[in-house]
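**Student:** Enclosed is the structure file structure_15.cif (mmCIF, C-alpha atoms).
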data_final
#
loop_
_atom_site.group_PDB
_atom_site.id
_atom_site.type_symbol
_atom_site.label_atom_id
_atom_site.label_comp_id
_atom_site.auth_asym_id
_atom_site.auth_seq_id
_atom_site.Cartn_x
_atom_site.Cartn_y
_atom_site.Cartn_z
ATOM 1 C CA MET A 184 0.000 0.000 0.000
ATOM 2 C CA SER A 185 1.378 3.402 -0.917
ATOM 3 C CA GLU A 186 1.900 6.125 1.628
ATOM 4 C CA VAL A 187 -0.357 9.008 2.583
ATOM 5 C CA PHE A 188 1.311 12.337 1.899
ATOM 6 C CA LEU A 189 0.473 15.967 2.657
ATOM 7 C CA ALA A 190 0.594 18.771 0.104
ATOM 8 C CA ASP A 191 -0.602 22.332 -0.299
ATOM 9 C CA MET A 192 -4.279 22.600 -1.234
ATOM 10 C CA ARG A 193 -4.790 24.008 -4.726
ATOM 11 C CA TRP A 194 -7.855 24.960 -6.717
ATOM 12 C CA TRP A 195 -8.012 21.540 -8.378
ATOM 13 C CA HIS A 196 -8.573 19.937 -4.947
ATOM 14 C CA ILE A 197 -11.746 21.926 -4.251
ATOM 15 C CA ALA A 198 -14.260 19.536 -5.875
ATOM 16 C CA ALA A 199 -12.901 16.569 -3.886
ATOM 17 C CA ALA A 200 -12.800 18.647 -0.681
ATOM 18 C CA VAL A 201 -16.469 19.575 -1.147
ATOM 19 C CA LYS A 202 -17.341 15.865 -1.459
ATOM 20 C CA ILE A 203 -15.524 15.167 1.811
ATOM 21 C CA GLU A 204 -17.356 18.097 3.423
ATOM 22 C CA GLN A 205 -20.708 16.652 2.353
ATOM 23 C CA GLU A 206 -19.746 13.183 3.602
ATOM 24 C CA ILE A 207 -18.580 14.447 7.005
ATOM 25 C CA PHE A 208 -20.613 17.579 7.714
ATOM 26 C CA ALA A 209 -23.801 16.999 5.662
ATOM 27 C CA GLU A 210 -26.020 20.098 5.676
ATOM 28 C CA GLU A 211 -23.300 22.168 7.371
ATOM 29 C CA ALA A 212 -20.746 21.454 4.633
ATOM 30 C CA TRP A 213 -18.685 24.237 3.158
ATOM 31 C CA THR A 214 -19.376 25.085 -0.476
ATOM 32 C CA ALA A 215 -16.913 25.323 -3.335
ATOM 33 C CA ALA A 216 -17.259 29.119 -3.099
ATOM 34 C CA GLY A 217 -16.178 28.940 0.541
ATOM 35 C CA PHE A 218 -13.012 27.061 -0.406
ATOM 36 C CA TRP A 219 -12.277 29.462 -3.263
ATOM 37 C CA SER A 220 -12.605 32.361 -0.826
ATOM 38 C CA GLU A 221 -10.279 30.722 1.692
ATOM 39 C CA LEU A 222 -7.622 29.879 -0.899
ATOM 40 C CA ALA A 223 -7.718 33.441 -2.252
ATOM 41 C CA GLN A 224 -6.569 34.789 1.129
ATOM 42 C CA ARG A 225 -3.010 33.473 0.880
ATOM 43 C CA GLN A 226 -1.534 35.993 3.314
ATOM 44 C CA THR A 227 -3.610 34.735 6.246
ATOM 45 C CA ARG A 228 -4.599 31.208 5.186
ATOM 46 C CA TYR A 229 -2.784 27.878 5.007
ATOM 47 C CA TYR A 230 -4.546 24.804 3.582
ATOM 48 C CA ARG A 231 -3.177 21.287 3.261
ATOM 49 C CA VAL A 232 -4.513 18.087 1.752
ATOM 50 C CA ALA A 233 -3.846 14.454 2.606
ATOM 51 C CA GLN A 234 -3.607 12.207 -0.427
ATOM 52 C CA HIS A 235 -3.283 8.499 -1.021
ATOM 53 C CA ASP A 236 -2.158 7.812 -4.570
ATOM 54 C CA GLU A 237 -4.175 10.453 -6.449
ATOM 55 C CA GLU A 238 -7.140 10.346 -4.080
ATOM 56 C CA LEU A 239 -7.842 13.263 -1.753
ATOM 57 C CA ILE A 240 -8.665 11.678 1.609
ATOM 58 C CA GLY A 241 -8.560 14.700 3.915
ATOM 59 C CA TYR A 242 -7.713 18.342 4.299
ATOM 60 C CA ALA A 243 -7.132 20.995 6.928
ATOM 61 C CA GLY A 244 -6.982 24.762 7.054
ATOM 62 C CA LEU A 245 -5.473 27.434 9.262
ATOM 63 C CA CYS A 246 -5.959 31.180 9.541
ATOM 64 C CA VAL A 247 -3.447 33.490 11.248
ATOM 65 C CA TYR A 248 -4.399 37.074 12.106
ATOM 66 C CA GLY A 249 -2.223 39.840 13.453
ATOM 67 C CA GLU A 250 1.489 40.336 13.832
ATOM 68 C CA PRO A 251 3.903 38.530 16.139
ATOM 69 C CA PRO A 252 4.153 38.366 19.068
ATOM 70 C CA ASN A 253 0.365 38.830 19.298
ATOM 71 C CA ALA A 254 -0.665 36.863 16.201
ATOM 72 C CA GLN A 255 -3.543 34.476 16.744
ATOM 73 C CA ALA A 256 -4.123 31.275 14.774
ATOM 74 C CA TRP A 257 -7.456 29.527 14.187
ATOM 75 C CA VAL A 258 -8.015 26.034 12.857
ATOM 76 C CA GLN A 259 -10.562 26.614 10.095
ATOM 77 C CA ASN A 260 -11.447 23.006 9.427
ATOM 78 C CA ILE A 261 -10.110 19.458 9.481
ATOM 79 C CA ALA A 262 -11.884 16.637 7.685
ATOM 80 C CA VAL A 263 -10.942 13.080 6.771
ATOM 81 C CA ARG A 264 -13.037 10.693 4.675
ATOM 82 C CA LYS A 265 -14.855 8.190 6.863
ATOM 83 C CA ALA A 266 -13.035 5.231 5.288
ATOM 84 C CA TRP A 267 -9.712 6.771 6.384
ATOM 85 C CA GLN A 268 -10.662 7.875 9.884
ATOM 86 C CA GLY A 269 -8.867 6.271 12.821
ATOM 87 C CA LYS A 270 -5.581 5.970 10.917
ATOM 88 C CA GLY A 271 -3.920 9.102 12.339
ATOM 89 C CA ILE A 272 -4.502 11.283 9.280
ATOM 90 C CA GLY A 273 -6.489 13.932 11.137
ATOM 91 C CA ALA A 274 -3.749 14.108 13.771
ATOM 92 C CA ARG A 275 -1.077 14.478 11.060
ATOM 93 C CA LEU A 276 -3.023 17.311 9.481
ATOM 94 C CA LEU A 277 -3.444 18.987 12.875
ATOM 95 C CA ASP A 278 0.277 18.640 13.595
ATOM 96 C CA ASP A 279 1.009 20.258 10.238
ATOM 97 C CA LEU A 280 -1.263 23.202 11.140
ATOM 98 C CA LEU A 281 0.426 23.530 14.534
ATOM 99 C CA ASP A 282 3.843 23.634 12.855
ATOM 100 C CA GLU A 283 2.644 26.376 10.506
ATOM 101 C CA ALA A 284 1.172 28.415 13.360
ATOM 102 C CA VAL A 285 4.552 28.238 15.108
ATOM 103 C CA ARG A 286 6.348 29.156 11.873
ATOM 104 C CA ARG A 287 4.096 32.223 11.567
ATOM 105 C CA LYS A 288 4.910 33.059 15.202
ATOM 106 C CA ALA A 289 1.341 32.905 16.486
ATOM 107 C CA ALA A 290 1.026 33.313 20.259
ATOM 108 C CA ASP A 291 -1.776 30.765 20.466
ATOM 109 C CA ILE A 292 -4.086 28.648 18.370
ATOM 110 C CA TRP A 293 -7.855 28.312 18.715
ATOM 111 C CA LEU A 294 -10.536 26.063 17.287
ATOM 112 C CA GLU A 295 -14.184 25.181 17.564
ATOM 113 C CA VAL A 296 -15.369 21.591 17.681
ATOM 114 C CA ALA A 297 -18.899 20.240 17.966
ATOM 115 C CA VAL A 298 -19.748 19.426 21.584
ATOM 116 C CA ASP A 299 -20.863 15.949 20.484
ATOM 117 C CA ASN A 300 -17.571 15.168 18.679
ATOM 118 C CA ALA A 301 -15.730 13.497 21.566
ATOM 119 C CA HIS A 302 -13.228 11.777 19.271
ATOM 120 C CA ALA A 303 -11.942 15.073 17.831
ATOM 121 C CA GLN A 304 -11.923 16.657 21.289
ATOM 122 C CA ARG A 305 -9.632 13.862 22.522
ATOM 123 C CA ILE A 306 -7.234 14.426 19.609
ATOM 124 C CA TYR A 307 -7.120 18.148 20.376
ATOM 125 C CA ALA A 308 -6.635 17.554 24.104
ATOM 126 C CA ARG A 309 -3.707 15.195 23.372
ATOM 127 C CA ARG A 310 -2.136 18.055 21.408
ATOM 128 C CA GLY A 311 -2.429 20.446 24.357
ATOM 129 C CA PHE A 312 -5.708 22.202 23.578
ATOM 130 C CA GLU A 313 -7.798 23.198 26.589
ATOM 131 C CA PRO A 314 -11.547 23.938 26.694
ATOM 132 C CA MET A 315 -12.276 27.662 26.899
ATOM 133 C CA GLY A 316 -16.045 27.948 26.499
ATOM 134 C CA ILE A 317 -19.183 27.056 24.585
ATOM 135 C CA ARG A 318 -20.644 28.840 21.558
ATOM 136 C CA LYS A 319 -24.360 28.139 21.632
ATOM 137 C CA GLY A 320 -25.910 27.177 18.296
ATOM 138 C CA TYR A 321 -22.623 27.730 16.463
ATOM 139 C CA TYR A 322 -23.161 25.085 13.779
ATOM 140 C CA GLN A 323 -26.073 25.801 11.473
ATOM 141 C CA PRO A 324 -28.592 24.621 10.459
ATOM 142 C CA SER A 325 -28.364 21.910 13.161
ATOM 143 C CA ASN A 326 -27.990 24.515 15.937
ATOM 144 C CA THR A 327 -25.258 22.363 17.512
ATOM 145 C CA ASP A 328 -23.113 24.021 20.169
ATOM 146 C CA ALA A 329 -19.350 24.349 19.672
ATOM 147 C CA LEU A 330 -16.687 23.852 22.284
ATOM 148 C CA THR A 331 -13.978 26.494 21.884
ATOM 149 C CA MET A 332 -10.483 25.205 22.630
ATOM 150 C CA ARG A 333 -7.117 26.970 22.854
ATOM 151 C CA ARG A 334 -3.465 26.032 22.991
ATOM 152 C CA GLU A 335 -0.572 28.362 23.768
ATOM 153 C CA LEU A 336 2.313 28.136 21.316
#
For the file at hand, write its structure as structure tokens.
**Tutor:**
Amino acid sequence: MSEVFLADMRWWHIAAAVKIEQEIFAEEAWTAAGFWSELAQRQTRYYRVAQHDEELIGYAGLCVYGEPPNAQAWVQNIAVRKAWQGKGIGARLLDDLLDEAVRRKAADIWLEVAVDNAHAQRIYARRGFEPMGIRKGYYQPSNTDALTMRREL
């Protein structure tokens, strides 16, 4: 079996990323326009894909605002196809985002995760993220609350 590798997300990955979004997030999936908008903001955004052979199996995005030493990073999204979950790919993508946040000299990194996504919360906690609060009804249209988590860098 060939290896999973990470690469920069490019415009030609968008259609496959949207399919993963629909598989994982259903009615709350990002649209192609959302990805185009994110990729257009190259100064503040960093997007990576996980690929196996030519197949896109996951992706992750980061946003960094402000100037060091007060820059703040936010995990925009991490998604891995269901067939590939549990193989450490999401953790690899997260580690890649953490490395980039450090490279950009962010003071800390934040994220939101659905309160009912215990698996992802455990991955984040293992990487040093701590719960900071709840955002009521953050995910729409399901009205699911989000747990906000933060890690100092």
**Student:** For the structure provided, state which residues fall under the PyMOL selection byres ((chain A and resi 187) around 6), and present them as a compact mmCIF listing (two decimals) with C-alpha atoms, in the frame of the given file.
**Tutor:**
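Result file result28.txt:
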# COMPACT_ATOMS: atom_id res chain seq x y z
CA GLU A 186 1.90 6.12 1.63
CA PHE A 188 1.31 12.34 1.90
CA GLN A 234 -3.61 12.21 -0.43
CA HIS A 235 -3.28 8.50 -1.02
**Student:** Using the file's own x, y and z axes, what box holds all listed atoms of range 274-280 of chain A with 5 Å on each side, keeping edges along x, y and z, and what are its centre and edge lengths in Å to one decimal, as AutoDock Vina command-line options?
**Tutor:**
--center_x -1.4 --center_y 18.7 --center_z 11.6 --size_x 14.8 --size_y 19.1 --size_z 14.3
**Student:** Which polymer residues have any atom within 9 Å of an atom of range 199-210 of chain A, counting only C-alpha atoms, with same-chain residues fewer than 6 positions away left out, as a list in words?
**Tutor:** Phe218, Val232, Glu238, Leu239, Ile240, Gly241, Tyr242, Ala262, Val263, Arg264, Lys265, Gln323, Pro324 and Ser325 of chain A
**Student:** Write out as a tab-separated table a residue-level contact list of range 207-277 of chain A versus range 282-303 of chain A with cut-off 9 Å: for each qualifying residue the closest pair of atoms and the distance in Å to one decimal, counting only C-alpha atoms, rows sorted by chain and residue number upward.
**Tutor:**
residue	atom	partner	partner_atom	distance
A:Tyr229	CA	A:Glu283	CA	7.9
A:Leu245	CA	A:Ala284	CA	7.9
A:Cys246	CA	A:Ala284	CA	8.5
A:Val247	CA	A:Ala289	CA	7.1
A:Tyr248	CA	A:Ala289	CA	8.3
A:Gly249	CA	A:Ala289	CA	8.4
A:Glu250	CA	A:Ala289	CA	7.9
A:Pro251	CA	A:Lys288	CA	5.6
A:Pro252	CA	A:Ala290	CA	6.1
A:Asn253	CA	A:Ala290	CA	5.6
A:Ala254	CA	A:Ala289	CA	4.4
A:Gln255	CA	A:Ala289	CA	5.1
A:Ala256	CA	A:Ile292	CA	4.5
A:Trp257	CA	A:Trp293	CA	4.7
A:Val258	CA	A:Leu294	CA	5.1
A:Gln259	CA	A:Leu294	CA	7.2
A:Asn260	CA	A:Leu294	CA	8.5
A:Gly273	CA	A:Ala303	CA	8.7
A:Leu277	CA	A:Asp282	CA	8.6
**Student:** Which one is closest to Arg305 in chain A: A:Ala274, A:His196, A:Asp328, A:Ala223? Count all atoms listed in the file.
**Tutor:**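 Of A:Ala274, A:His196, A:Asp328, A:Ala223, the one nearest Arg305 in chain A, counting all atoms listed in the file, is A:Ala274.
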**Student:** Translate the PyMOL selection byres ((chain A and resi 331) around 6), as applied to the file shown, into an explicit residue set as number ranges by chain.
**Tutor:** A: 294-295, 314-317, 330, 332
**Student:** By how many Å are CA of Leu281 in chain A and CA of Leu336 in chain A apart?
**Tutor:**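 Computing it gives 8.4 Å between the two atoms.
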**Student:** Please report the interatomic distance between CA of Ala190 in chain A and CA of Ala233 in chain A in Å with one decimal.
**Tutor:**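 One can read the CA of Ala190 in chain A to CA of Ala233 in chain A distance as 6.7 Å.
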**Student:** Under the rule that only C-alpha atoms are counted, which of A:Trp219, A:Thr214, A:Ile306, A:Ala243 is the nearest residue to Asp191 in chain A?
**Tutor:**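 Nearest to Asp191 in chain A: A:Ala243.
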**Student:** Using Å and a single decimal, report how far CA of Gly311 in chain A sits from CA of Arg334 in chain A.
**Tutor:** 5.8 Å
**Student:** Select, from A:Glu221, A:Gln304, A:Asp236, A:Leu189, the residue with the minimum atom-to-atom distance to Leu276 in chain A, counting only C-alpha atoms.
**Tutor:** A:Leu189
**Student:** Here is a test: counting only C-alpha atoms, which residue of A:Trp267, A:Tyr321, A:Trp194, A:Tyr230 is nearest to Asp279 in chain A?
**Tutor:**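 Looking only at the distances to Asp279 in chain A, the closest residue turns out to be A:Tyr230.
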**Student:** Given the choices A:Arg318, A:Glu237, A:Gln268, A:Ile261, which gets closest to Trp213 in chain A if the distance is worked out from all atoms listed in the file?
**Tutor:**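 Checking each candidate against Trp213 in chain A, we get A:Ile261 as the closest.
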